[in-house]
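Chemist: Before we start, here is the structure in question, set down as structure tokens.
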Amino acid sequence: VSRLLIVFVVVFQLLGCGGGGGSPGSKSASTGSSGSDTGTKGSGSGKGSGDGGSVTPPRVTDRVIFLADADVDGIDELYLGDTDTPGVAVKLNAALDAGGNVTDFVVNADHTQVLYRADQDIDEVFELYLVDLDTPGSSTRINGLLVAGGDVMSEFQFSPDGSQVVYRADEDVNGVFELFLVNIATPGFAANLSGPQVSGGDVLNRFRFTADGSRVLYFADEVTNGVNELFMVDVAVPGVSTRVNGALTGGGDVSADFVLTPDGAQVVYRADETTDNVVELFIVDLAVPGVSTTLSGTLVGGGDVGSGLVLSPDGTLLAYRADQILNEVFELFVVELANPGVSTRINRNPASGGDVIADGFVFSPASDAVAYVADEDVNNVTEFYLVELASPAVSIKLNSPLVAAGDLTRDVAFSGEGDSLFYVSDQDTDAMNELYRVNRSAPGASVR
């Protein structure tokens, strides 16, 4: 392979073979972006059945979906590999038009189908295709007919049950981006899902299904050109939208990042909703859209809530980054959704000039700790820290000592059980990023 371009990797276990009973199992991993927009990861599970007779232990196989120019240098395509047969991968996409590439993909919840974006039929005309993992190389175009100059953009999603797809495109009017909904059972027949756009308005590149798949939240300047807000639409009533955020002060905007609670009942978003140029966190109950409550704590003069909002797995806490205490010193705070406005700083005092890194923090699976990347000890030297939420501001450094000029990227994760963590760093050789694992019980002793 002359150049392996991994835009996103999905690893999942398929259990069950012979007569043995199976149980669900999953694991997932991801890597960086190609420079285009990234896809969304999936994790997988499998099942088996038994008849009560002799039992053959279930065979576990790890399958990996990846993008690479494995066959033609500079032509990125979609492949499926299996660790039982390393070095052998099956191409998933259909034949590409000359010059065509696959750019992004997502996997459905039961890990049987993949949606991918490619200029497969016409070079530089990007559309959306569906392929079954059982029939690689045979794909179906999902999107409706595109107006001349139109394209499907790189963010698209399966509904939670996998029966529908929502995507963003300038499908009807070139240069006007809207949301479209397609039923998998009727590919090519798309409904315009988003509400009518004011002249100059567009749907922007953040949207999410609610947990039950009944509604989609999206970000657009739908009512006033240049004023970005958060909207909700019922998939059963396409084209009829409701504004979710509270009334904005003059000059205010909703920022593009928002998070939904696991039950789909509430949404948290950033906005300078109350005071122009003062970005805070707000929470809205979707049963009463347009009625917001300030979630973040009181900000110091000049302070703002920064990008990157992380909800705890149990859905009760939100971690956010803000210069809430000292202007221009971004630290990490946790707030209970049930107790808005009362937040706790969880990092310890950083070195002069130090900050918690944007998008570099994650909750433990049990929602009892947060791991984060910061230049907490030495300014401009980013390292990996863990805080038990029972002991805020008492941080433990996780990474092993760094080589001179080494530091961490923002790519960090807990294992599924929460007993170990992963991080990417040029820990051993400057400018050579590698993947490390550290046990939560043995901080400072990582393994590459």
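Chain labels follow the order of the structure tokens: the first chain is A, the next B, and so on; residue numbering restarts at 1 in every chain, and ligands are counted from 1 in their shown order.
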Mind checking which residues fall within 10 Å of stretch 185-187 of chain A, counting only C-alpha atoms, ignoring those fewer than 4 positions away in the same chain, and posting them as a PyMOL selection string?
Modeler: chain A and resi 129-130+140-144+163-165
Chemist: Write a file of the just-selected residues containing C-alpha atoms, as a short mmCIF file (atom, residue, chain, number, x, y, z; two decimals), in the first residue's frame.
Modeler:
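Produced file again.cif, reproduced below:
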data_model
loop_
_atom_site.label_atom_id
_atom_site.label_comp_id
_atom_site.auth_asym_id
_atom_site.auth_seq_id
_atom_site.Cartn_x
_atom_site.Cartn_y
_atom_site.Cartn_z
CA TYR A 129 -24.39 5.16 -1.58
CA LEU A 130 -25.49 2.16 0.49
CA THR A 140 -27.24 1.63 -4.31
CA ARG A 141 -27.42 5.40 -4.66
CA ILE A 142 -29.57 6.73 -1.81
CA ASN A 143 -29.97 10.44 -2.46
CA GLY A 144 -32.52 12.00 -4.77
CA SER A 163 -34.50 2.41 8.39
CA GLN A 164 -33.90 6.01 7.33
CA VAL A 165 -31.06 8.30 6.34
#
Chemist: Excluding same-chain residues fewer than 3 positions from stretch 415-429 of chain A, what lies within 6 Å of it counting only C-alpha atoms, as a ChimeraX atom specification?
Modeler: /A:364-365,402-403,406-409,411-412,432-440
Chemist: As a VMD selection string, which residues of stretch 62-237 of chain A does DSSP assign to strand (DSSP E)?
Modeler: chain A and resid 62 to 68 77 to 82 89 to 91 102 to 107 113 to 122 125 to 132 139 to 141 152 to 158 164 to 173 176 to 183 190 to 192 203 to 209 215 to 220 229 to 234
Chemist: Write the residues of the selection above to a file with C-alpha atoms, as a tab-separated table (two decimals), in the first residue's frame.
Modeler:
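Just written: out_7.tsv:
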chain	number	residue	atom	x	y	z
A	62	ASP	CA	-12.52	-8.51	14.36
A	63	ARG	CA	-13.53	-6.75	11.18
A	64	VAL	CA	-12.20	-3.36	10.24
A	65	ILE	CA	-13.65	-0.89	7.74
A	66	PHE	CA	-11.19	1.63	6.38
A	67	LEU	CA	-10.42	4.06	3.57
A	68	ALA	CA	-7.21	3.64	1.62
A	77	GLU	CA	-11.77	3.46	-1.68
A	78	LEU	CA	-13.64	1.61	1.07
A	79	TYR	CA	-12.42	-1.77	2.32
A	80	LEU	CA	-13.42	-4.47	4.78
A	81	GLY	CA	-10.67	-6.45	6.50
A	82	ASP	CA	-10.72	-9.35	8.94
A	89	ALA	CA	-9.25	-6.85	2.38
A	90	VAL	CA	-12.45	-6.79	0.33
A	91	LYS	CA	-13.41	-3.63	-1.54
A	102	VAL	CA	-14.74	7.63	-1.47
A	103	THR	CA	-14.51	10.41	1.12
A	104	ASP	CA	-16.55	9.43	4.21
A	105	PHE	CA	-18.70	6.64	5.61
A	106	VAL	CA	-20.98	5.62	8.50
A	107	VAL	CA	-22.09	2.17	9.68
A	113	GLN	CA	-24.74	-1.82	6.06
A	114	VAL	CA	-22.44	1.09	5.29
A	115	LEU	CA	-23.33	4.48	3.85
A	116	TYR	CA	-20.55	6.17	1.98
A	117	ARG	CA	-20.05	9.43	0.07
A	118	ALA	CA	-18.25	9.33	-3.25
A	119	ASP	CA	-18.09	10.81	-6.70
A	120	GLN	CA	-18.71	7.27	-7.90
A	121	ASP	CA	-20.83	7.88	-11.00
A	122	ILE	CA	-19.59	11.32	-12.11
A	125	VAL	CA	-20.34	15.05	-8.20
A	126	PHE	CA	-20.58	13.64	-4.68
A	127	GLU	CA	-23.51	11.41	-3.83
A	128	LEU	CA	-24.52	8.95	-1.14
A	129	TYR	CA	-24.39	5.16	-1.58
A	130	LEU	CA	-25.49	2.16	0.49
A	131	VAL	CA	-23.69	-1.19	0.51
A	132	ASP	CA	-24.47	-4.39	2.44
A	139	SER	CA	-24.05	-0.41	-3.94
A	140	THR	CA	-27.24	1.63	-4.31
A	141	ARG	CA	-27.42	5.40	-4.66
A	152	VAL	CA	-24.27	15.61	-0.98
A	153	MET	CA	-22.13	16.98	1.82
A	154	SER	CA	-20.01	14.94	4.16
A	155	GLU	CA	-22.28	14.73	7.19
A	156	PHE	CA	-25.02	12.09	6.97
A	157	GLN	CA	-26.61	9.68	9.44
A	158	PHE	CA	-28.64	6.54	9.78
A	164	GLN	CA	-33.90	6.01	7.33
A	165	VAL	CA	-31.06	8.30	6.34
A	166	VAL	CA	-30.72	12.04	6.78
A	167	TYR	CA	-28.17	13.98	4.77
A	168	ARG	CA	-27.27	17.57	3.87
A	169	ALA	CA	-27.12	18.64	0.24
A	170	ASP	CA	-27.82	21.40	-2.25
A	171	GLU	CA	-30.09	18.90	-3.97
A	172	ASP	CA	-32.93	21.19	-5.07
A	173	VAL	CA	-31.12	24.53	-5.53
A	176	VAL	CA	-28.63	26.22	-0.97
A	177	PHE	CA	-27.97	23.49	1.58
A	178	GLU	CA	-30.93	21.71	3.17
A	179	LEU	CA	-31.67	18.48	5.02
A	180	PHE	CA	-33.15	15.51	3.17
A	181	LEU	CA	-34.71	12.29	4.45
A	182	VAL	CA	-34.72	8.96	2.61
A	183	ASN	CA	-36.25	5.64	3.59
A	190	ALA	CA	-35.92	12.05	-0.81
A	191	ALA	CA	-38.13	14.40	1.21
A	192	ASN	CA	-36.91	17.91	2.02
A	203	VAL	CA	-28.64	24.22	6.98
A	204	LEU	CA	-25.17	23.93	8.47
A	205	ASN	CA	-23.12	20.84	9.20
A	206	ARG	CA	-24.44	19.73	12.58
A	207	PHE	CA	-27.61	17.65	12.95
A	208	ARG	CA	-28.72	14.74	15.13
A	209	PHE	CA	-31.57	12.28	15.45
A	215	ARG	CA	-37.09	13.99	15.36
A	216	VAL	CA	-33.98	15.64	13.99
A	217	LEU	CA	-32.25	18.67	15.49
A	218	TYR	CA	-30.23	20.85	13.15
A	219	PHE	CA	-28.34	24.11	12.98
A	220	ALA	CA	-29.28	26.78	10.39
A	229	GLU	CA	-30.07	28.98	15.48
A	230	LEU	CA	-31.12	25.49	16.53
A	231	PHE	CA	-34.21	23.90	14.97
A	232	MET	CA	-36.17	20.67	15.37
A	233	VAL	CA	-38.30	18.80	12.84
A	234	ASP	CA	-40.51	15.74	13.17
Chemist: One decimal, Å: what's the distance from atom CA of A:Val342 over to atom CA of A:Asn379, could you say?
Modeler: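 These two atoms are separated by 28.7 Å.
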Chemist: Rounded to one decimal place, report the atom CA of A:Val267-atom CA of A:Ser307 distance in Å.
Modeler: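 Distance reported for this atom pair: 15.4 Å.
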Chemist: Can you work out the spacing between atom CA of A:Ile325 and atom CA of A:Tyr269 in Å, to one decimal?
Modeler: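 Atom CA of A:Tyr269 lies 20.4 Å from atom CA of A:Ile325.
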Chemist: Please provide as a VMD selection string all residues within 9 Å of A:Thr275, with the sequence filter that same-chain residues fewer than 2 positions apart are discarded (counting only C-alpha atoms).
Modeler: chain A and resid 248 to 252 272 to 273 277 to 279
Chemist: Emit the selected residues as a PDB file, in the first residue's frame, including N, CA, C and O atoms.
Modeler:
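The new file out.pdb reads:
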ATOM      1  N   LEU A 248     -32.791  35.251  21.044  1.00  0.00           N
ATOM      2  CA  LEU A 248     -31.426  35.746  21.036  1.00  0.00           C
ATOM      3  C   LEU A 248     -31.389  37.262  21.207  1.00  0.00           C
ATOM      4  O   LEU A 248     -32.222  37.988  20.647  1.00  0.00           O
ATOM      5  N   THR A 249     -30.401  37.726  21.970  1.00  0.00           N
ATOM      6  CA  THR A 249     -30.140  39.146  22.043  1.00  0.00           C
ATOM      7  C   THR A 249     -29.656  39.648  20.682  1.00  0.00           C
ATOM      8  O   THR A 249     -29.223  38.851  19.831  1.00  0.00           O
ATOM      9  N   GLY A 250     -29.707  40.930  20.449  1.00  0.00           N
ATOM     10  CA  GLY A 250     -29.215  41.485  19.195  1.00  0.00           C
ATOM     11  C   GLY A 250     -27.769  41.113  18.958  1.00  0.00           C
ATOM     12  O   GLY A 250     -26.919  41.291  19.830  1.00  0.00           O
ATOM     13  N   GLY A 251     -27.486  40.552  17.789  1.00  0.00           N
ATOM     14  CA  GLY A 251     -26.140  40.097  17.466  1.00  0.00           C
ATOM     15  C   GLY A 251     -25.826  38.695  17.927  1.00  0.00           C
ATOM     16  O   GLY A 251     -24.749  38.171  17.628  1.00  0.00           O
ATOM     17  N   GLY A 252     -26.743  38.055  18.661  1.00  0.00           N
ATOM     18  CA  GLY A 252     -26.486  36.726  19.194  1.00  0.00           C
ATOM     19  C   GLY A 252     -26.608  35.632  18.149  1.00  0.00           C
ATOM     20  O   GLY A 252     -27.282  35.787  17.130  1.00  0.00           O
ATOM     21  N   ASP A 272     -24.322  33.023  22.461  1.00  0.00           N
ATOM     22  CA  ASP A 272     -24.332  34.336  23.114  1.00  0.00           C
ATOM     23  C   ASP A 272     -25.782  34.823  23.073  1.00  0.00           C
ATOM     24  O   ASP A 272     -26.131  35.823  22.458  1.00  0.00           O
ATOM     25  N   GLU A 273     -26.607  34.066  23.787  1.00  0.00           N
ATOM     26  CA  GLU A 273     -28.053  34.248  23.744  1.00  0.00           C
ATOM     27  C   GLU A 273     -28.513  35.428  24.604  1.00  0.00           C
ATOM     28  O   GLU A 273     -29.414  36.184  24.230  1.00  0.00           O
ATOM     29  N   ASN A 277     -21.683  38.396  22.313  1.00  0.00           N
ATOM     30  CA  ASN A 277     -20.258  38.097  22.443  1.00  0.00           C
ATOM     31  C   ASN A 277     -19.875  37.491  23.791  1.00  0.00           C
ATOM     32  O   ASN A 277     -18.681  37.379  24.098  1.00  0.00           O
ATOM     33  N   VAL A 278     -20.853  37.071  24.579  1.00  0.00           N
ATOM     34  CA  VAL A 278     -20.578  36.304  25.791  1.00  0.00           C
ATOM     35  C   VAL A 278     -21.226  34.933  25.605  1.00  0.00           C
ATOM     36  O   VAL A 278     -22.452  34.787  25.711  1.00  0.00           O
ATOM     37  N   VAL A 279     -20.411  33.923  25.302  1.00  0.00           N
ATOM     38  CA  VAL A 279     -20.919  32.597  24.979  1.00  0.00           C
ATOM     39  C   VAL A 279     -21.099  31.791  26.260  1.00  0.00           C
ATOM     40  O   VAL A 279     -20.146  31.592  27.025  1.00  0.00           O
TER      41      VAL A 279
END
Chemist: Excluding A:Val356 and any residue of its chain fewer than 6 positions from it, enumerate the residues within 9 Å of it, using only C-alpha atoms, and give them as a ChimeraX atom specification.
Modeler: /A:321-322,329-332,347,350,372-376,382
